[in-house]
$ cat model02.tsv   # TSV, C-alpha atoms and all ligand atoms
chain	number	residue	atom	x	y	z
A	1	MET	CA	0.00	0.00	0.00
A	2	ALA	CA	1.49	3.28	-1.12
A	3	ARG	CA	1.69	6.12	1.40
A	4	ILE	CA	1.93	9.90	1.46
A	5	ARG	CA	5.57	10.97	1.90
A	6	THR	CA	7.45	14.21	2.29
A	7	ILE	CA	9.95	15.68	-0.14
A	8	LYS	CA	11.85	18.46	1.59
A	9	PRO	CA	13.42	21.34	-0.37
A	10	GLU	CA	16.86	19.99	0.65
A	11	PHE	CA	16.14	16.93	-1.47
A	12	TRP	CA	17.03	18.83	-4.62
A	13	GLU	CA	20.26	20.18	-3.11
A	14	ASP	CA	21.48	16.77	-1.93
A	15	GLU	CA	24.66	15.85	-3.80
A	16	LYS	CA	23.91	12.13	-3.77
A	17	ILE	CA	20.49	12.80	-5.33
A	18	GLY	CA	22.14	15.10	-7.87
A	19	MET	CA	24.43	12.26	-8.95
A	20	LEU	CA	21.44	10.23	-10.11
A	21	SER	CA	20.15	10.16	-13.66
A	22	HIS	CA	16.63	11.54	-14.06
A	23	GLY	CA	15.19	8.04	-14.25
A	24	ALA	CA	16.95	6.94	-11.07
A	25	ARG	CA	15.86	10.12	-9.32
A	26	LEU	CA	12.23	9.46	-10.22
A	27	LEU	CA	12.60	5.86	-9.10
A	28	PHE	CA	13.97	7.03	-5.75
A	29	ILE	CA	11.02	9.38	-5.18
A	30	GLY	CA	8.74	6.47	-6.04
A	31	LEU	CA	10.51	4.29	-3.46
A	32	LEU	CA	9.44	6.72	-0.74
A	33	ASN	CA	5.79	6.17	-1.67
A	34	LEU	CA	6.15	2.40	-1.93
A	35	SER	CA	8.11	1.92	1.29
A	36	ASP	CA	6.45	0.92	4.54
A	37	ASP	CA	6.77	2.89	7.78
A	38	GLU	CA	10.16	1.30	8.49
A	39	GLY	CA	11.47	2.69	5.19
A	40	LEU	CA	11.54	-0.78	3.64
A	41	VAL	CA	10.55	-1.65	0.10
A	42	ARG	CA	10.66	-4.76	-2.09
A	43	TRP	CA	13.83	-4.54	-4.20
A	44	ASN	CA	12.70	-6.15	-7.41
A	45	ALA	CA	12.82	-4.60	-10.88
A	46	MET	CA	9.55	-6.17	-12.09
A	47	TYR	CA	7.70	-4.98	-9.02
A	48	LEU	CA	9.13	-1.46	-9.06
A	49	GLY	CA	8.57	-1.12	-12.80
A	50	SER	CA	4.95	-2.21	-12.57
A	51	GLN	CA	4.22	0.10	-9.63
A	52	LEU	CA	6.09	3.23	-10.68
A	53	PHE	CA	6.27	3.17	-14.47
A	54	MET	CA	3.00	1.50	-15.39
A	55	TYR	CA	2.33	3.77	-18.39
A	56	ASP	CA	5.85	3.56	-19.77
A	57	GLU	CA	7.46	0.81	-21.71
A	58	ILE	CA	10.70	0.54	-19.81
A	59	LYS	CA	12.84	-2.54	-20.03
A	60	SER	CA	13.69	-4.20	-16.74
A	61	ASP	CA	17.38	-3.72	-17.63
A	62	THR	CA	16.80	0.02	-17.44
A	63	ILE	CA	14.97	-0.26	-14.13
A	64	GLU	CA	17.83	-2.39	-12.82
A	65	ARG	CA	20.35	0.20	-13.93
A	66	TRP	CA	18.43	2.91	-12.04
A	67	MET	CA	18.24	0.60	-9.01
A	68	ASP	CA	22.02	0.17	-9.17
A	69	GLU	CA	22.51	3.93	-9.30
A	70	VAL	CA	20.35	4.43	-6.21
A	71	ARG	CA	22.12	1.62	-4.40
A	72	ASN	CA	25.65	2.60	-5.44
A	73	ASN	CA	25.06	6.14	-4.20
A	74	GLU	CA	24.20	4.58	-0.81
A	75	LEU	CA	20.69	5.99	-0.80
A	76	VAL	CA	19.37	2.54	-0.02
A	77	TYR	CA	20.84	-0.40	1.83
A	78	VAL	CA	19.87	-3.72	0.29
A	79	TYR	CA	19.64	-6.90	2.35
A	80	GLN	CA	18.17	-10.36	2.08
A	81	ALA	CA	16.29	-11.92	4.94
A	82	GLY	CA	13.52	-14.29	5.87
A	83	LYS	CA	12.94	-17.88	4.83
A	84	ALA	CA	12.48	-16.91	1.19
A	85	ARG	CA	15.68	-14.79	1.23
A	86	GLN	CA	13.57	-11.87	0.07
A	87	THR	CA	15.53	-8.89	-1.25
A	88	ILE	CA	14.60	-5.70	0.59
A	89	ALA	CA	15.87	-2.15	0.35
A	90	TYR	CA	16.06	0.19	3.33
A	91	ILE	CA	15.93	3.90	2.46
A	92	VAL	CA	18.91	5.04	4.53
A	93	ASN	CA	17.74	8.49	5.55
A	94	PHE	CA	14.08	7.57	5.71
A	95	HIS	CA	13.54	8.44	9.37
A	96	LYS	CA	15.54	11.62	9.08
A	97	HIS	CA	13.12	13.01	6.51
A	98	GLN	CA	9.80	11.26	7.07
A	99	ARG	CA	7.65	12.00	10.07
A	100	ILE	CA	5.73	8.86	10.92
A	101	ASP	CA	3.04	9.53	13.50
A	102	ARG	CA	1.47	6.14	13.90
A	103	PRO	CA	3.72	3.60	12.25
A	104	SER	CA	2.18	0.42	10.89
A	105	PRO	CA	4.32	-2.59	11.72
A	106	SER	CA	6.51	-3.81	8.88
A	107	LYS	CA	5.64	-7.05	7.14
A	108	PHE	CA	9.23	-7.53	5.98
A	109	PRO	CA	11.78	-9.66	7.82
A	110	GLU	CA	14.20	-7.75	10.06
A	111	PRO	CA	17.85	-7.25	9.10
A	112	ASN	CA	20.54	-8.88	11.23
A	113	PRO	CA	21.88	-6.06	13.45
A	114	TYR	CA	25.03	-8.04	14.25
A	115	ASP	CA	26.06	-8.32	10.60
A	116	ALA	CA	29.19	-6.21	10.02
A	117	ARG	CA	27.70	-4.58	6.89
A	118	VAL	CA	24.54	-3.61	8.75
A	119	LYS	CA	26.59	-2.22	11.64
A	120	ASN	CA	28.74	-0.14	9.33
A	121	MET	CA	25.79	1.19	7.39
A	122	ILE	CA	24.07	2.28	10.62
A	123	ALA	CA	27.29	3.89	11.85
A	124	ASP	CA	27.63	5.77	8.55
A	125	ARG	CA	23.97	6.81	8.72
A	126	ASP	CA	24.48	8.05	12.28
A	127	LYS	CA	27.72	9.78	11.24
A	128	TRP	CA	29.74	7.68	13.72
A	129	MET	CA	28.24	9.51	16.70
A	130	CYS	CA	27.15	7.58	19.78
A	131	HIS	CA	23.46	8.30	20.32
A	132	ILE	CA	23.80	7.66	24.06
A	133	CYS	CA	26.68	9.98	25.01
A	134	GLY	CA	26.71	12.11	21.84
A	135	GLU	CA	30.44	11.67	21.26
A	136	GLU	CA	32.33	10.34	18.29
A	137	ILE	CA	32.85	6.63	17.73
A	138	PRO	CA	36.38	6.00	16.42
A	139	LYS	CA	36.17	4.11	13.13
A	140	ASN	CA	39.15	1.90	13.89
A	141	ALA	CA	37.99	1.02	17.38
A	142	ARG	CA	38.02	-2.70	17.19
A	143	ALA	CA	39.81	-4.92	19.66
A	144	ASP	CA	43.00	-2.89	19.31
A	145	VAL	CA	41.69	0.42	20.63
A	146	CYS	CA	40.35	0.71	24.14
A	147	GLN	CA	37.40	-1.68	23.82
A	148	SER	CA	34.85	0.59	25.45
A	149	LYS	CA	34.94	2.95	22.47
A	150	ALA	CA	34.22	0.26	19.90
A	151	LEU	CA	31.13	0.46	17.71
A	152	SER	CA	28.06	-1.29	19.01
A	153	ILE	CA	24.51	-1.22	17.68
A	154	ASP	CA	22.00	-0.28	20.32
A	155	HIS	CA	18.35	-1.31	20.28
A	156	VAL	CA	16.83	2.00	21.37
A	157	LEU	CA	13.84	0.15	22.79
A	158	PRO	CA	15.42	-3.11	24.02
A	159	LEU	CA	14.34	-6.41	22.50
A	160	ALA	CA	13.28	-7.51	25.97
A	161	LYS	CA	10.84	-4.61	26.07
A	162	GLY	CA	9.32	-5.47	22.71
A	163	GLY	CA	11.69	-3.38	20.57
A	164	SER	CA	12.35	-4.51	17.02
A	165	SER	CA	15.55	-5.00	15.04
A	166	PHE	CA	14.26	-2.71	12.29
A	167	PHE	CA	16.50	0.20	11.40
A	168	SER	CA	14.33	2.79	13.14
A	169	ASN	CA	15.13	1.08	16.45
A	170	LEU	CA	18.87	0.62	15.78
A	171	LYS	CA	21.38	3.33	16.54
A	172	ALA	CA	25.16	3.53	16.65
A	173	SER	CA	26.72	3.68	20.09
A	174	HIS	CA	29.91	2.97	21.97
A	175	LEU	CA	30.16	-0.55	23.31
A	176	SER	CA	30.53	0.77	26.85
A	177	CYS	CA	27.57	3.14	26.54
A	178	ASN	CA	25.41	0.32	25.20
A	179	GLN	CA	26.50	-2.09	27.91
A	180	GLY	CA	26.20	0.57	30.60
A	181	LYS	CA	22.62	1.26	29.57
A	182	GLY	CA	21.26	-0.63	32.54
A	183	SER	CA	17.75	-1.91	33.13
A	184	LYS	CA	17.34	0.98	35.59
A	185	TYR	CA	17.46	3.43	32.70
A	186	TYR	CA	14.59	1.72	30.96
A	187	SER	CA	12.48	0.84	33.94
A	188	THR	CA	12.43	4.54	34.80
A	189	ILE	CA	11.26	5.53	31.35
A	190	ASP	CA	8.79	2.66	31.11
A	191	SER	CA	7.10	3.32	34.43
A	192	THR	CA	6.79	7.00	33.54
A	193	ILE	CA	5.26	6.13	30.19
A	194	ASP	CA	2.88	3.58	31.72
A	195	SER	CA	1.52	5.97	34.31
A	196	THR	CA	1.28	8.76	31.75
A	197	ILE	CA	-0.64	6.60	29.33
A	198	ASP	CA	-3.06	5.49	32.02
A	199	SER	CA	-4.12	9.02	32.80
A	200	THR	CA	-4.09	10.54	29.33
A	201	ILE	CA	-6.59	10.35	26.53
A	202	ASP	CA	-5.54	8.97	23.18
A	203	SER	CA	-5.13	12.20	21.25
A	204	THR	CA	-2.65	13.74	23.67
A	205	ILE	CA	-0.53	10.65	24.27
A	206	ASP	CA	1.95	11.42	21.55
A	207	SER	CA	3.02	14.84	22.74
A	208	THR	CA	2.94	13.89	26.42
A	209	ILE	CA	5.09	10.83	25.85
A	210	ASP	CA	7.47	12.85	23.73
A	211	SER	CA	8.09	15.45	26.40
A	212	THR	CA	8.15	12.93	29.24
A	213	ILE	CA	10.59	10.68	27.43
A	214	ASP	CA	12.71	13.64	26.48
A	215	SER	CA	13.13	14.87	30.05
A	216	THR	CA	13.58	11.37	31.44
A	217	ILE	CA	16.11	10.52	28.77
A	218	ASP	CA	17.95	13.76	29.42
A	219	SER	CA	18.57	12.92	33.06
A	220	ALA	CA	19.30	9.30	32.20
A	221	LEU	CA	21.77	10.50	29.59
A	222	GLU	CA	23.37	12.75	32.15
A	223	ARG	CA	24.02	9.72	34.35
A	224	GLU	CA	25.24	7.75	31.33
A	225	ARG	CA	27.65	10.54	30.44
A	226	GLU	CA	29.07	10.48	33.95
A	227	LYS	CA	29.50	6.74	33.70
A	228	GLU	CA	31.23	7.17	30.37
A	229	LYS	CA	33.59	9.78	31.82
A	230	GLU	CA	34.54	7.34	34.56
A	231	LYS	CA	35.14	4.61	32.01
A	232	GLU	CA	37.26	6.94	29.91
A	233	ASP	CA	39.40	7.71	32.93
A	234	ILE	CA	39.85	4.03	33.64
A	235	CYS	CA	40.66	3.53	30.02
A	236	ARG	CA	43.25	6.30	30.10
A	237	VAL	CA	45.12	5.15	33.21
A	238	SER	CA	45.17	1.46	32.29
A	239	PRO	CA	45.59	1.20	28.55
A	240	GLU	CA	45.72	-2.14	26.75
A	241	PRO	CA	48.91	-3.84	27.84
A	242	SER	CA	51.39	-3.01	25.12
A	243	PRO	CA	54.56	-4.95	25.76
A	244	ALA	CA	57.61	-2.72	25.62
A	245	SER	CA	56.33	-0.17	23.11
A	246	GLY	CA	59.85	1.24	22.63
A	247	ASP	CA	60.81	-2.11	21.09
A	248	PHE	CA	58.82	-1.33	17.99
A	249	SER	CA	60.79	1.69	16.82
A	250	GLU	CA	64.01	-0.21	17.55
A	251	PHE	CA	62.66	-3.10	15.52
A	252	ILE	CA	61.88	-0.81	12.58
A	253	ALA	CA	65.33	0.80	12.80
A	254	GLU	CA	67.05	-2.59	12.86
A	255	PHE	CA	64.79	-3.85	10.08
A	256	ASN	CA	65.76	-0.90	7.90
A	257	ARG	CA	69.44	-1.43	8.67
A	258	ILE	CA	69.31	-5.11	7.58
A	259	ARG	CA	67.07	-4.50	4.62
A	260	GLY	CA	68.63	-1.19	3.54
A	261	SER	CA	65.18	0.39	3.54
A	262	ARG	CA	63.43	3.43	5.00
A	263	PHE	CA	60.14	2.07	6.33
A	264	GLN	CA	58.25	4.23	8.80
A	265	ALA	CA	56.84	2.98	12.10
A	266	ILE	CA	53.13	2.90	11.29
A	267	ASP	CA	50.33	2.04	13.71
A	268	LYS	CA	48.91	-0.94	11.85
A	269	VAL	CA	52.27	-2.67	11.90
A	270	ARG	CA	52.85	-1.65	15.52
A	271	ARG	CA	49.64	-3.43	16.47
A	272	GLN	CA	50.64	-6.53	14.53
A	273	PHE	CA	54.09	-6.39	16.13
A	274	ASN	CA	52.60	-6.14	19.63
A	275	ALA	CA	50.19	-8.98	18.88
A	276	ARG	CA	53.13	-11.19	17.91
A	277	LEU	CA	54.99	-10.31	21.10
A	278	LYS	CA	51.94	-11.35	23.09
A	279	GLU	CA	51.92	-14.66	21.22
A	280	GLY	CA	55.49	-15.23	22.35
A	281	PHE	CA	57.51	-14.20	19.30
A	282	THR	CA	60.55	-12.00	19.82
A	283	PRO	CA	61.80	-9.07	17.69
A	284	ALA	CA	64.97	-11.10	17.13
A	285	GLN	CA	62.93	-13.88	15.51
A	286	MET	CA	61.19	-11.39	13.19
A	287	LEU	CA	64.57	-10.00	12.13
A	288	GLN	CA	65.97	-13.49	11.73
A	289	ALA	CA	63.03	-14.28	9.45
A	290	LEU	CA	63.89	-11.18	7.40
A	291	GLU	CA	67.52	-12.25	7.06
A	292	THR	CA	66.48	-15.73	5.95
A	293	ALA	CA	63.96	-14.36	3.44
A	294	MET	CA	66.60	-12.05	1.96
A	295	LYS	CA	68.60	-15.15	0.96
A	296	ASP	CA	65.53	-16.66	-0.64
A	297	LYS	CA	65.72	-17.00	-4.42
A	298	TYR	CA	62.11	-15.97	-4.97
A	299	HIS	CA	62.49	-12.77	-2.98
A	300	ILE	CA	65.79	-12.00	-4.69
A	301	ILE	CA	64.04	-12.33	-8.06
A	302	GLU	CA	61.18	-10.13	-6.83
A	303	GLY	CA	63.66	-7.47	-5.69
A	304	TYR	CA	62.61	-7.84	-2.03
A	305	LYS	CA	59.39	-5.99	-2.81
A	306	TYR	CA	57.34	-8.12	-0.39
A	307	LEU	CA	59.86	-7.86	2.44
A	308	THR	CA	58.18	-5.16	4.51
A	309	PRO	CA	57.77	-4.77	8.28
A	310	GLU	CA	54.12	-5.66	7.73
A	311	PHE	CA	55.15	-8.94	6.12
A	312	PHE	CA	57.42	-9.93	9.02
A	313	THR	CA	54.93	-9.10	11.74
A	314	ARG	CA	52.61	-11.80	10.41
A	315	SER	CA	52.95	-15.01	12.36
A	316	ASP	CA	52.75	-17.27	9.31
A	317	LYS	CA	55.65	-15.45	7.69
A	318	ILE	CA	57.79	-15.45	10.82
A	319	GLU	CA	57.12	-19.15	11.33
A	320	LYS	CA	57.83	-19.89	7.72
A	321	PHE	CA	61.19	-18.18	7.58
A	322	ILE	CA	62.56	-19.06	10.99
A	323	ASN	CA	61.72	-22.70	10.30
A	324	VAL	CA	63.15	-22.78	6.79
A	325	ASN	CA	66.24	-24.87	6.33
A	326	SER	CA	69.00	-22.61	5.01
A	327	SER	CA	69.66	-24.88	2.00
A	328	SER	CA	67.49	-23.92	-0.95
A	329	PRO	CA	65.10	-26.51	-2.30
A	330	THR	CA	65.90	-27.93	-5.71
A	331	SER	CA	63.60	-27.80	-8.73
A	332	GLY	CA	60.48	-29.95	-8.47
A	333	GLN	CA	61.06	-30.78	-4.82
A	334	GLU	CA	58.11	-30.23	-2.54
A	335	ILE	CA	58.83	-28.88	0.87
A	336	THR	CA	57.23	-30.91	3.58
A	337	HIS	CA	56.58	-29.71	7.08
A	338	ALA	CA	56.82	-31.61	10.30
A	339	PRO	CA	54.64	-34.72	9.97
A	340	GLN	CA	52.03	-33.67	12.51
A	341	LEU	CA	51.37	-30.38	10.65
A	342	GLY	CA	49.19	-29.83	7.59
A	343	ALA	CA	50.86	-28.45	4.49
A	344	ASP	CA	49.84	-24.85	5.25
A	345	GLU	CA	49.97	-25.05	9.00
A	346	TRP	CA	52.55	-23.54	11.31
A	347	MET	CA	53.52	-24.24	14.86
A	348	ARG	CA	53.61	-21.25	17.21
A	349	PRO	CA	56.37	-21.03	19.83
A	350	ASP	CA	53.87	-22.15	22.47
A	351	GLY	CA	53.16	-25.34	20.50
A	352	THR	CA	49.70	-24.41	19.20
A	353	ARG	CA	48.92	-24.91	15.52
A	354	THR	CA	47.78	-22.17	13.19
A	355	TYR	CA	47.51	-21.42	9.48
A	356	GLY	CA	46.96	-18.55	7.06
A	357	THR	CA	47.57	-15.25	8.80
A	358	GLY	CA	48.01	-17.03	12.09
A	359	SER	CA	44.93	-15.59	13.72
A	360	THR	CA	43.17	-18.93	14.13
A	361	THR	CA	44.25	-21.62	16.52
A	362	VAL	CA	43.69	-25.13	15.20
A	363	PRO	CA	42.27	-27.47	17.85
A	364	PRO	CA	45.00	-29.91	18.96
A	365	ASP	CA	42.95	-32.95	17.91
A	366	ALA	CA	42.09	-31.65	14.41
A	367	PRO	CA	43.66	-33.58	11.52
A	368	PRO	CA	46.41	-31.77	9.55
A	369	ARG	CA	45.07	-29.32	6.98
A	370	PRO	CA	45.90	-30.67	3.55
A	371	SER	CA	45.14	-27.67	1.33
A	372	ALA	CA	48.26	-25.68	0.59
A	373	SER	CA	51.83	-26.43	-0.20
A	374	TRP	CA	54.69	-24.68	-1.88
A	375	TRP	CA	57.19	-25.98	-4.32
A	376	TRP	CA	59.70	-25.10	-6.98
A	377	ASN	CA	58.37	-24.90	-10.47
A	378	ASP	CA	60.54	-23.88	-13.40
A	379	GLY	CA	62.99	-22.32	-11.01
A	380	LEU	CA	60.38	-20.01	-9.49
A	381	LYS	CA	58.91	-20.72	-6.12
A	382	GLN	CA	55.13	-20.69	-6.01
A	383	TRP	CA	52.66	-21.34	-3.28
A	384	ASN	CA	49.00	-21.60	-2.59
A	385	MET	CA	47.55	-19.93	0.46
B	401	ZN	ZN	28.89	6.72	23.84

$ encode --input "model02.tsv" --output "structure tokens"
Amino acid sequence: MARIRTIKPEFWEDEKIGMLSHGARLLFIGLLNLSDDEGLVRWNAMYLGSQLFMYDEIKSDTIERWMDEVRNNELVYVYQAGKARQTIAYIVNFHKHQRIDRPSPSKFPEPNPYDARVKNMIADRDKWMCHICGEEIPKNARADVCQSKALSIDHVLPLAKGGSSFFSNLKASHLSCNQGKGSKYYSTIDSTIDSTIDSTIDSTIDSTIDSTIDSTIDSALEREREKEKEKEDICRVSPEPSPASGDFSEFIAEFNRIRGSRFQAIDKVRRQFNARLKEGFTPAQMLQALETAMKDKYHIIEGYKYLTPEFFTRSDKIEKFINVNSSSPTSGQEITHAPQLGADEWMRPDGTRTYGTGSTTVPPDAPPRPSASWWWNDGLKQWNM
């Protein structure tokens, strides 16, 4: 069922809208009418064509091209959900521009709010601001930054209180703010709402609830902000344990000396370096791996282009080169690892097995992984990862 929607004057000034072809722009306006009160609409060229361009003979290819334009300009977020894996588009700024007084419940399946793509889209939509404390959410705040600042998606009305996982009820927040949002916060609001509803007639509920919630939320937010301040202080005085941070610049300096290079000490590599130290590797082992790799025929042929600090702060690479026998393999000879290891597995110093980038620990009782191996082929070393 199509609905009345609002087009604000800003619509025409919006740069993303201006990027669209006229057809795509008309399609987008049509989506507003076709979407339900959660800003969701069936994302299907046949359907959209029949609803919006019923008097035109437009090929579905053309409709699809317009749909791509709208999607590629991030005006909609497309997801699949439900048993039938239905394809649904969410109009990203729907709730920013549409005032929905009495929303009808959506008939579409909910998105998965724990999906990384959904989380990122919501964070982008909310401009990476925490809706609880109002401060910025650092984009790189994953496990490596102080955890409390990491992105978390908050159900504004909690699931336990009947809140949905539709986008109107999902907002970006800091992990700590979301976790700190105790049941006290909600029970206060809920009891206020309940008593207000009881004593108010239908037509005035909306405005009363709005103002009551606003003032209750304000004081709740004030408490949340205080909590956040406390957490920040804790965070500041006891940062993530970073083993001997001075070691990293020394490592880079020594690396450059051996390699004859001028690599800078960058944060990404510093984090990798620190992660390796925690796993039990030493800077000396990483440098030893570099020295071994510099004698390697393949890397000599490649002009050492892969031999970067980033390369040697990966556990698979360190393992590979500190375990390599100094004699070069001969043509056609496959290199075999210790018998208990799979072809692409490596043993960490603590005896645990890993593979690939070394971020996964293989259970001790798992059979050896057979997939990858490396060998000499026509004088050039090749490998599968
Ligand atoms: Zn926050």

$ atom_distance --input "model02.tsv" --atom1 "CA of Ala89 in chain A" --atom2 "CA of Glu38 in chain A"
10.5 Å

$ closest_residue --input "model02.tsv" --among "A:Asn33, A:Thr282, A:Asn73, A:Asn44" --to "Gln98 in chain A" --atoms "all atoms listed in the file"
A:Asn33

$ residues_near_ligand --input "model02.tsv" --ligand "ligand ZN 401 (chain B)" --cutoff "8 Å" --atoms "only C-alpha atoms and all ligand atoms" --output "list of chain:residue names"
A:Met129, A:Cys130, A:His131, A:Ile132, A:Cys133, A:Gly134, A:Glu135, A:Glu136, A:Ile137, A:Lys149, A:Ser173, A:His174, A:Leu175, A:Ser176, A:Cys177, A:Asn178, A:Arg225, A:Glu228

$ closest_residue --input "model02.tsv" --among "A:Leu170, A:Leu40, A:Leu34, A:Glu69" --to "Gly18 in chain A" --atoms "all atoms listed in the file"
A:Glu69

$ closest_residue --input "model02.tsv" --among "A:Lys127, A:Arg117, A:Val41, A:Leu52" --to "Ile88 in chain A" --atoms "all atoms listed in the file"
A:Val41

$ atom_distance --input "model02.tsv" --atom1 "CA of Ile100 in chain A" --atom2 "CA of Ala172 in chain A"
20.9 Å

$ closest_residue --input "model02.tsv" --among "A:Gly49, A:Gly280, A:Gly39, A:Gly180" --to "Ile318 in chain A" --atoms "all atoms listed in the file"
A:Gly280

$ closest_residue --input "model02.tsv" --among "A:Ser60, A:Asn169, A:Ser315, A:Asn93" --to "Pro111 in chain A" --atoms "only C-alpha atoms"
A:Asn169

$ closest_residue --input "model02.tsv" --among "A:Ile252, A:Thr360, A:Tyr114, A:Trp43" --to "Val78 in chain A" --atoms "all atoms listed in the file"
A:Trp43

$ atom_distance --input "model02.tsv" --atom1 "CA of Asp36 in chain A" --atom2 "CA of Glu64 in chain A"
21.0 Å

$ residues_around --input "model02.tsv" --residues "range 106-108 of chain A" --least-positions-apart "5" --cutoff "12 Å" --atoms "all atoms listed in the file" --output "list in words"
Met1, Ser35, Asp36, Asp37, Glu38, Gly39, Leu40, Val41, Arg42, Trp43, Tyr79, Gln80, Ala81, Gly82, Lys83, Ala84, Arg85, Gln86, Thr87, Ile88, Ala89, Tyr90, Ser164, Ser165, Phe166, Phe167 and Ser168 of chain A

$ residues_around --input "model02.tsv" --residues "Phe312 in chain A" --least-positions-apart "3" --cutoff "7 Å" --atoms "only C-alpha atoms" --output "list of chain:residue names"
A:Met286, A:Leu290, A:Thr308, A:Pro309, A:Lys317, A:Ile318

$ build_atoms --input "model02.tsv" --residues "range 11-23 of chain A" --atoms "N, CA and C atoms" --output "short mmCIF file (atom, residue, chain, number, x, y, z; two decimals), in the frame of the given file"
data_model
loop_
_atom_site.label_atom_id
_atom_site.label_comp_id
_atom_site.auth_asym_id
_atom_site.auth_seq_id
_atom_site.Cartn_x
_atom_site.Cartn_y
_atom_site.Cartn_z
N PHE A 11 16.02 18.09 -0.58
CA PHE A 11 16.14 16.93 -1.47
C PHE A 11 16.88 17.30 -2.75
N TRP A 12 16.50 18.44 -3.31
CA TRP A 12 17.03 18.83 -4.62
C TRP A 12 18.46 19.33 -4.54
N GLU A 13 18.89 19.68 -3.31
CA GLU A 13 20.26 20.18 -3.11
C GLU A 13 21.22 19.06 -2.73
N ASP A 14 20.65 17.89 -2.40
CA ASP A 14 21.48 16.77 -1.93
C ASP A 14 22.39 16.28 -3.06
N GLU A 15 23.70 16.22 -2.75
CA GLU A 15 24.66 15.85 -3.80
C GLU A 15 24.48 14.42 -4.29
N LYS A 16 24.11 13.52 -3.37
CA LYS A 16 23.91 12.13 -3.77
C LYS A 16 22.71 12.03 -4.73
N ILE A 17 21.67 12.80 -4.45
CA ILE A 17 20.49 12.80 -5.33
C ILE A 17 20.89 13.38 -6.69
N GLY A 18 21.70 14.45 -6.64
CA GLY A 18 22.14 15.10 -7.87
C GLY A 18 22.98 14.21 -8.77
N MET A 19 23.61 13.20 -8.17
CA MET A 19 24.43 12.26 -8.95
C MET A 19 23.57 11.33 -9.80
N LEU A 20 22.30 11.21 -9.43
CA LEU A 20 21.44 10.23 -10.11
C LEU A 20 20.97 10.74 -11.47
N SER A 21 20.80 9.81 -12.40
CA SER A 21 20.15 10.16 -13.66
C SER A 21 18.69 10.51 -13.36
N HIS A 22 18.02 11.15 -14.31
CA HIS A 22 16.63 11.54 -14.06
C HIS A 22 15.75 10.34 -13.76
N GLY A 23 15.99 9.25 -14.48
CA GLY A 23 15.19 8.04 -14.25
C GLY A 23 15.38 7.51 -12.85
#
